[in-house]
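Undergrad: Dumping the structure here so I can ask a few things about it.
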Amino acid sequence: MAEGLGISAMSWDKIIVSIFSISGIALTYWFFLMRQVQEVAITADSVDITVDGGYQPEVISISKGKTTTLNFTRKDSSSCLEEIILSDFRVRKSLPLNKTISIPITPQQTGEFIYSCGMNMFHGKIKVV
Ligand SMILES: [Cu+2]
């Protein structure tokens with residue numbers, strides 16, 4: 001009985017250690033990803049966003065109540081990025097290769113709004129301040 005408890009206590013130790021090391025890895029990964037993302041504050045009336053293996057800049061911040069035109073240019077031939085969905089702004093558009101598609105938006109609320117490709121695989125973020 002005592003030995004049985006000893007063994008189960010040891011496996012709990014191992015489980016706890018494993019959980020800690022997994023969270024350590026997850027935390028490192030998260031920090032790494034966070035540092036990669038640069039937020040660009042947009043003060044002009046428009047912003048050029050390049051669509052190439054994702055959206056660049058990936059995070060923009062714009063002003064509430066002001067119309068900002070997002071000029072998307074797709075340079076990535078993969079069909080994954082051929083459609084863009086800004087669900088919060090009720091916009092769904094196809095992006096022809098190497099052609100600039102302008103999408104004006106006038107956010108009425110502050111917050112963070114995620115947009116994505118048609119398959120919800122690549123994401124960009126619009127921060128409204
Ligand atoms: Cu996609």
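So you can find residues: chains in the structure tokens are A, B, ... in the order shown, residues in each start at 1, and ligands are numbered from 1 in order.
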Select the residues contacting ligand 1 at a distance of at most 12 Å, based on only C-alpha atoms and all ligand atoms, then format the selection as a VMD selection string.
TA: chain A and resid 51 to 55 76 to 85 94 to 95 115 to 123
Undergrad: Among the residues of stretch 52-98 of chain A, find those DSSP assigns to strand (DSSP E) from the backbone and print them as a list in words.
TA: Tyr55, Gln56, Val59, Ile60, Ser61, Ile62, Thr68, Thr69, Leu70, Asn71, Phe72, Thr73, Arg74, Glu83, Ile84, Ile85, Leu86, Val91, Arg92, Lys93 and Ser94 of chain A
Undergrad: Let's have the selection written as a CSV table (one decimal), in the first residue's frame, with N, CA and C atoms.
TA:
chain,number,residue,atom,x,y,z
A,55,TYR,N,-0.3,38.5,-44.3
A,55,TYR,CA,-0.6,39.9,-44.5
A,55,TYR,C,0.5,40.7,-43.9
A,56,GLN,N,1.1,41.7,-44.7
A,56,GLN,CA,2.1,42.6,-44.2
A,56,GLN,C,1.8,44.0,-44.5
A,59,VAL,N,-0.5,43.6,-38.4
A,59,VAL,CA,-1.3,44.3,-37.4
A,59,VAL,C,-1.3,45.8,-37.7
A,60,ILE,N,-2.4,46.4,-37.9
A,60,ILE,CA,-2.5,47.8,-38.1
A,60,ILE,C,-3.4,48.4,-37.1
A,61,SER,N,-3.1,49.6,-36.7
A,61,SER,CA,-4.1,50.3,-35.8
A,61,SER,C,-4.6,51.5,-36.5
A,62,ILE,N,-5.9,51.7,-36.5
A,62,ILE,CA,-6.5,52.8,-37.2
A,62,ILE,C,-7.5,53.5,-36.3
A,68,THR,N,-10.6,54.5,-43.5
A,68,THR,CA,-9.2,54.2,-43.9
A,68,THR,C,-9.4,53.1,-45.0
A,69,THR,N,-8.7,53.4,-46.1
A,69,THR,CA,-8.7,52.5,-47.2
A,69,THR,C,-7.6,51.5,-47.1
A,70,LEU,N,-8.0,50.2,-47.1
A,70,LEU,CA,-6.9,49.1,-47.1
A,70,LEU,C,-6.7,48.7,-48.5
A,71,ASN,N,-5.5,48.9,-49.0
A,71,ASN,CA,-5.1,48.5,-50.4
A,71,ASN,C,-4.4,47.2,-50.3
A,72,PHE,N,-5.1,46.1,-50.7
A,72,PHE,CA,-4.5,44.8,-50.6
A,72,PHE,C,-3.9,44.4,-52.0
A,73,THR,N,-2.7,44.0,-52.0
A,73,THR,CA,-2.1,43.5,-53.3
A,73,THR,C,-1.5,42.1,-53.0
A,74,ARG,N,-2.1,41.2,-53.7
A,74,ARG,CA,-1.7,39.8,-53.5
A,74,ARG,C,-0.5,39.4,-54.5
A,83,GLU,N,-8.9,34.9,-51.6
A,83,GLU,CA,-10.1,35.6,-51.1
A,83,GLU,C,-9.8,36.2,-49.7
A,84,ILE,N,-10.4,37.3,-49.5
A,84,ILE,CA,-10.2,38.0,-48.2
A,84,ILE,C,-11.5,38.2,-47.5
A,85,ILE,N,-11.6,37.9,-46.2
A,85,ILE,CA,-12.8,38.1,-45.5
A,85,ILE,C,-12.6,39.0,-44.3
A,86,LEU,N,-13.3,40.1,-44.3
A,86,LEU,CA,-13.3,41.0,-43.1
A,86,LEU,C,-14.7,40.9,-42.6
A,91,VAL,N,-17.2,42.4,-45.4
A,91,VAL,CA,-16.5,42.4,-46.7
A,91,VAL,C,-16.0,41.0,-47.0
A,92,ARG,N,-16.2,40.6,-48.2
A,92,ARG,CA,-15.7,39.4,-48.8
A,92,ARG,C,-15.3,39.7,-50.2
A,93,LYS,N,-14.0,39.6,-50.5
A,93,LYS,CA,-13.6,40.0,-51.8
A,93,LYS,C,-12.5,39.0,-52.3
A,94,SER,N,-12.5,38.9,-53.7
A,94,SER,CA,-11.4,38.1,-54.2
A,94,SER,C,-10.3,39.0,-54.6
Undergrad: Can you list, as a list in words, every residue of stretch 13-102 of chain A that DSSP puts in alpha helix (DSSP H)?
TA: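 DSSP on the backbone gives alpha helix (DSSP H) at Asp13, Lys14, Ile15, Ile16, Val17, Ser18, Ile19, Phe20, Ser21, Ile22, Ser23, Gly24, Ile25, Ala26, Leu27, Thr28, Tyr29, Trp30, Phe31, Phe32, Leu33, Met34, Arg35 and Gln36 of chain A.
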Undergrad: For A:Val47, which residue among A:Ile103, A:Ile114, A:Leu27, A:Val128 is the nearest when counting only C-alpha atoms?
TA: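 Looking at the shortest contact to A:Val47, the residue is A:Ile103.
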Undergrad: Ranking A:Val17, A:Lys75, A:Glu58, A:Ile126 by minimum distance to A:Ser87 and counting only C-alpha atoms, which one comes first?
TA: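 Going through A:Val17, A:Lys75, A:Glu58, A:Ile126 one by one, the smallest distance to A:Ser87 is for A:Ile126.
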